[in-house]
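J.: Below you'll find the structure I mean.
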Amino acid sequence: MPNYDFDIGILGGGAAGLTVAAGASQFGAKTLLIEKETALGGDCLHFGCVPSKTLIKTAHVYHLIRNAEKFGLPNVELKPVNFKDVAKRIQSVIGVIQKHDSVERFCKLGVKVEFGDAAFTDEYAVRLNGKTYSAKKWLIATGSSPAIPPVEGMDKVPYITNKEIFSLEKLPVSMIVIGAGPIAIEMAQAFSRLGTNVTVIQRSGQILSKEDKDMADQVMNVMISEGVTFQLNSAVLGAKDLGGEKEVVIKNGDSKTLNLRAETILVALGRQPNFVGLGLEGISLDFDKKGLKVDSRLRTNHKHIFAAGDVIGDYQFTHAAGYEGGIVLSNAILHLPRKTDYTNLPWCTYADPELASIGMNEKRAEAAGIKYSVWTEEFKANDRSLAEAEEIGKIKMLLDEKEKPIGIQILGPQAGELINEWVAVMNGGIKLSTLASAVHPYPTIGEINKRVVGTFFSGKIFSDKVKKALKFFFHLKGRACEAGNVSI
């Protein structure tokens, strides 16, 4: 039997890699963790979730102060934003969380951590910093990087991505955002609120193209009201560096060519998997431009090599990577066959209002040929929302023909938190009647979850058939007032 240096080797110190490293070591497996960057935590900690949500909060506070009169407060004269101070706060938050993802913590757990660019020399070993490390099992969790469009002149124009945007020296006067996915929309709104003149370029006719159009359009309309400009159905033809400004040439939906100028260009057109330089061709590992090919147990075509997180190109969320890490841990270390199931995977775009989803939306249901009904409740009918001046948005519940929930979308305040109740409902197989009868504290925004279910049941409970039966058995007399008879 071959004698390997480690029970499992892990390439990538992001959510998936850290999940497996911590779990494997605590289960008694001799574990090697290799990270190409100089610190653990992955893109989420350093260039993604953590800094973006920190920035979004800062921009939200600034936006609230600028709109103090809306809350009955005196108007406030604000100084321009010093982005160095904003960036300093972002780094301080990262620093606190970094302690949890430190080398010292993982060493205490028993994990050997190495830094550098590793490449496979054969199916069981990698070469790193002049040394060879072998392992019985491997996990590739190297994440993803910003995808750069093949636009004429783009290679000669200074631009930023999510890797540079949180450490800018100053707040840009103007910014062109190429793309309209979650990262693009979150950053466009945040910088607009801080004082940047923002234009968003989108190839299709809808922002957040994976979401239902009615929900995405409401997000866009809020951003337009705040000053963001959108160029939909627009193709980017070229880019130029004009010195103090950059120019982006587009052809818009009316087939007109426009020359847009801004101080900064943010490229946010999606992600590409990080596997260049890993030596995958030399070990005949299957992959395409989308990512590494894996089965439902996250095994590659070499069954002892697993892959998880952004590098497999499916669900590029930190919580998805963490979930996938758990799947790898079960299969690779515990030898308990476990398959991925993304049916009830939630996600959220942290714009204001937030847009959170779980299960199917109308686009997915229609594509799958599923018959469904839609039930909605508006936030403007929620008392707490009115008290907090959060009146935009709604919850949308999709039920199948058996009247079971197949998907929930929430556009509104704290949508990312509100969706958690539905995570429990849908994963736990909880009946809608149970949610309808549950008592929610008043006044809370969370009551909207109960109300949308109540809307569904009210049509059954207060039907003419039920009223006739009650009148027959209990001699109820019916209505006491008609609208036309009301006197004021």
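Chain labels run A, B, ... following the order of the structure tokens; each chain numbers its residues from 1, and ligands are numbered from 1 in the order shown.
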If we count only C-alpha atoms, what is near Asp310 of chain A at a cut-off of 10 Å, once residues fewer than 4 positions away on the same chain are taken out, given as JSON, numbers by chain?

T.: {"A": [14, 15, 16, 141, 142, 143, 144, 145, 271, 272, 273, 274, 290, 291, 292, 314, 315, 316, 317, 318, 320, 321]}

J.: What is the atom CA of Asn344 of chain A to atom CA of Leu139 of chain A distance in Å?

T.: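 Computed distance, atom CA of Asn344 of chain A to atom CA of Leu139 of chain A, equals 24.6 Å.
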
J.: Which one of A:His440, A:Lys339, A:Lys30, A:Lys467 sits closest to Phe6 of chain A if you count only C-alpha atoms?

T.: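 Of A:His440, A:Lys339, A:Lys30, A:Lys467, the one nearest Phe6 of chain A, counting only C-alpha atoms, is A:Lys30.
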
J.: So, counting only C-alpha atoms, which residue among A:Gly116, A:Val328, A:Tyr133, A:Lys163 is closest to Leu45 of chain A?

T.: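 Smallest separation from Leu45 of chain A among the options: A:Lys163.
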
J.: When you count only C-alpha atoms, which of these residues is closest to Gly95 of chain A: A:Pro158, A:Pro80, A:Ile56, A:Leu40?

T.: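 Closest to Gly95 of chain A of all the choices is A:Leu40.
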
J.: Which is closer to Gly243 of chain A than all the others in A:Val157, A:Ala87, A:Ala216, A:Ile207, using only C-alpha atoms?

T.: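 For Gly243 of chain A, the nearest of the candidates is A:Val157.
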
J.: Please measure the separation of atom CA of Met223 of chain A and atom CA of Val423 of chain A, giving the value in Å to one decimal.

T.: 28.3 Å

J.: Got a sec to tell me which of segment 154-326 of chain A DSSP assigns to alpha helix (DSSP H), as a ChimeraX atom specification?

T.: /A:182-194,213-225,318-326

J.: May I have the selected residues written with C-alpha atoms, as a PDB file, in the first residue's frame?

T.:
```
ATOM      1  CA  PRO A 182     -25.014  40.943  -7.927  1.00  0.00           C
ATOM      2  CA  ILE A 183     -21.479  42.329  -7.461  1.00  0.00           C
ATOM      3  CA  ALA A 184     -22.013  45.026 -10.091  1.00  0.00           C
ATOM      4  CA  ILE A 185     -25.365  46.139  -8.675  1.00  0.00           C
ATOM      5  CA  GLU A 186     -24.205  46.147  -5.059  1.00  0.00           C
ATOM      6  CA  MET A 187     -21.115  48.218  -5.870  1.00  0.00           C
ATOM      7  CA  ALA A 188     -22.941  50.556  -8.246  1.00  0.00           C
ATOM      8  CA  GLN A 189     -25.484  51.480  -5.588  1.00  0.00           C
ATOM      9  CA  ALA A 190     -22.916  51.772  -2.801  1.00  0.00           C
ATOM     10  CA  PHE A 191     -20.618  54.103  -4.729  1.00  0.00           C
ATOM     11  CA  SER A 192     -23.560  56.132  -5.995  1.00  0.00           C
ATOM     12  CA  ARG A 193     -24.730  56.666  -2.428  1.00  0.00           C
ATOM     13  CA  LEU A 194     -21.238  57.767  -1.419  1.00  0.00           C
ATOM     14  CA  LYS A 213     -37.887  40.617 -14.070  1.00  0.00           C
ATOM     15  CA  ASP A 214     -40.569  42.180 -11.870  1.00  0.00           C
ATOM     16  CA  MET A 215     -38.284  41.902  -8.836  1.00  0.00           C
ATOM     17  CA  ALA A 216     -35.102  42.994 -10.622  1.00  0.00           C
ATOM     18  CA  ASP A 217     -36.840  45.973 -12.200  1.00  0.00           C
ATOM     19  CA  GLN A 218     -37.881  47.269  -8.786  1.00  0.00           C
ATOM     20  CA  VAL A 219     -34.253  47.207  -7.650  1.00  0.00           C
ATOM     21  CA  MET A 220     -33.252  49.077 -10.797  1.00  0.00           C
ATOM     22  CA  ASN A 221     -35.978  51.685 -10.358  1.00  0.00           C
ATOM     23  CA  VAL A 222     -34.806  52.410  -6.819  1.00  0.00           C
ATOM     24  CA  MET A 223     -31.255  52.859  -8.081  1.00  0.00           C
ATOM     25  CA  ILE A 224     -32.432  55.140 -10.887  1.00  0.00           C
ATOM     26  CA  SER A 225     -34.273  57.271  -8.323  1.00  0.00           C
ATOM     27  CA  THR A 318     -19.630  31.362   0.018  1.00  0.00           C
ATOM     28  CA  HIS A 319     -22.385  29.411   1.745  1.00  0.00           C
ATOM     29  CA  ALA A 320     -22.542  27.027  -1.226  1.00  0.00           C
ATOM     30  CA  ALA A 321     -18.789  26.463  -0.968  1.00  0.00           C
ATOM     31  CA  GLY A 322     -19.121  25.738   2.743  1.00  0.00           C
ATOM     32  CA  TYR A 323     -21.943  23.285   2.048  1.00  0.00           C
ATOM     33  CA  GLU A 324     -19.882  21.576  -0.633  1.00  0.00           C
ATOM     34  CA  GLY A 325     -16.990  21.333   1.804  1.00  0.00           C
ATOM     35  CA  GLY A 326     -19.261  19.321   4.076  1.00  0.00           C
TER      36      GLY A 326
END
```

J.: Just checking: using only C-alpha atoms, which residue out of A:Ile65, A:Leu78, A:Arg299, A:Lys170 ends up closest to Ala332 of chain A?

T.: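 Nearest candidate to Ala332 of chain A out of A:Ile65, A:Leu78, A:Arg299, A:Lys170: A:Arg299.
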
J.: Which residues are near segment 172-179 of chain A? Cut-off 7 Å, only C-alpha atoms, ignore same chain within fewer than 3 positions. Put them as an NGL selection string.

T.: :A and (184 or 188 or 196-202 or 262-269)

J.: Compare A:Gly238, A:Gly9, A:Gly41, A:Gly205 by their minimum atom-to-atom distance to Tyr124 of chain A, counting only C-alpha atoms, and give me the closest one.

T.: A:Gly9

J.: In Å, with one decimal, what is the gap from atom CA of Lys293 of chain A to atom CA of Gly181 of chain A?

T.: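 Answer for the atom CA of Lys293 of chain A to atom CA of Gly181 of chain A separation: 24.2 Å.
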
J.: What are the DSSP strand (DSSP E or B) residues of segment 13-207 of chain A, as an MDAnalysis selection string?

T.: chainID A and resid 31:35 111:115 119:122 125:128 131:140 144:146 152 160 174:178 197:201
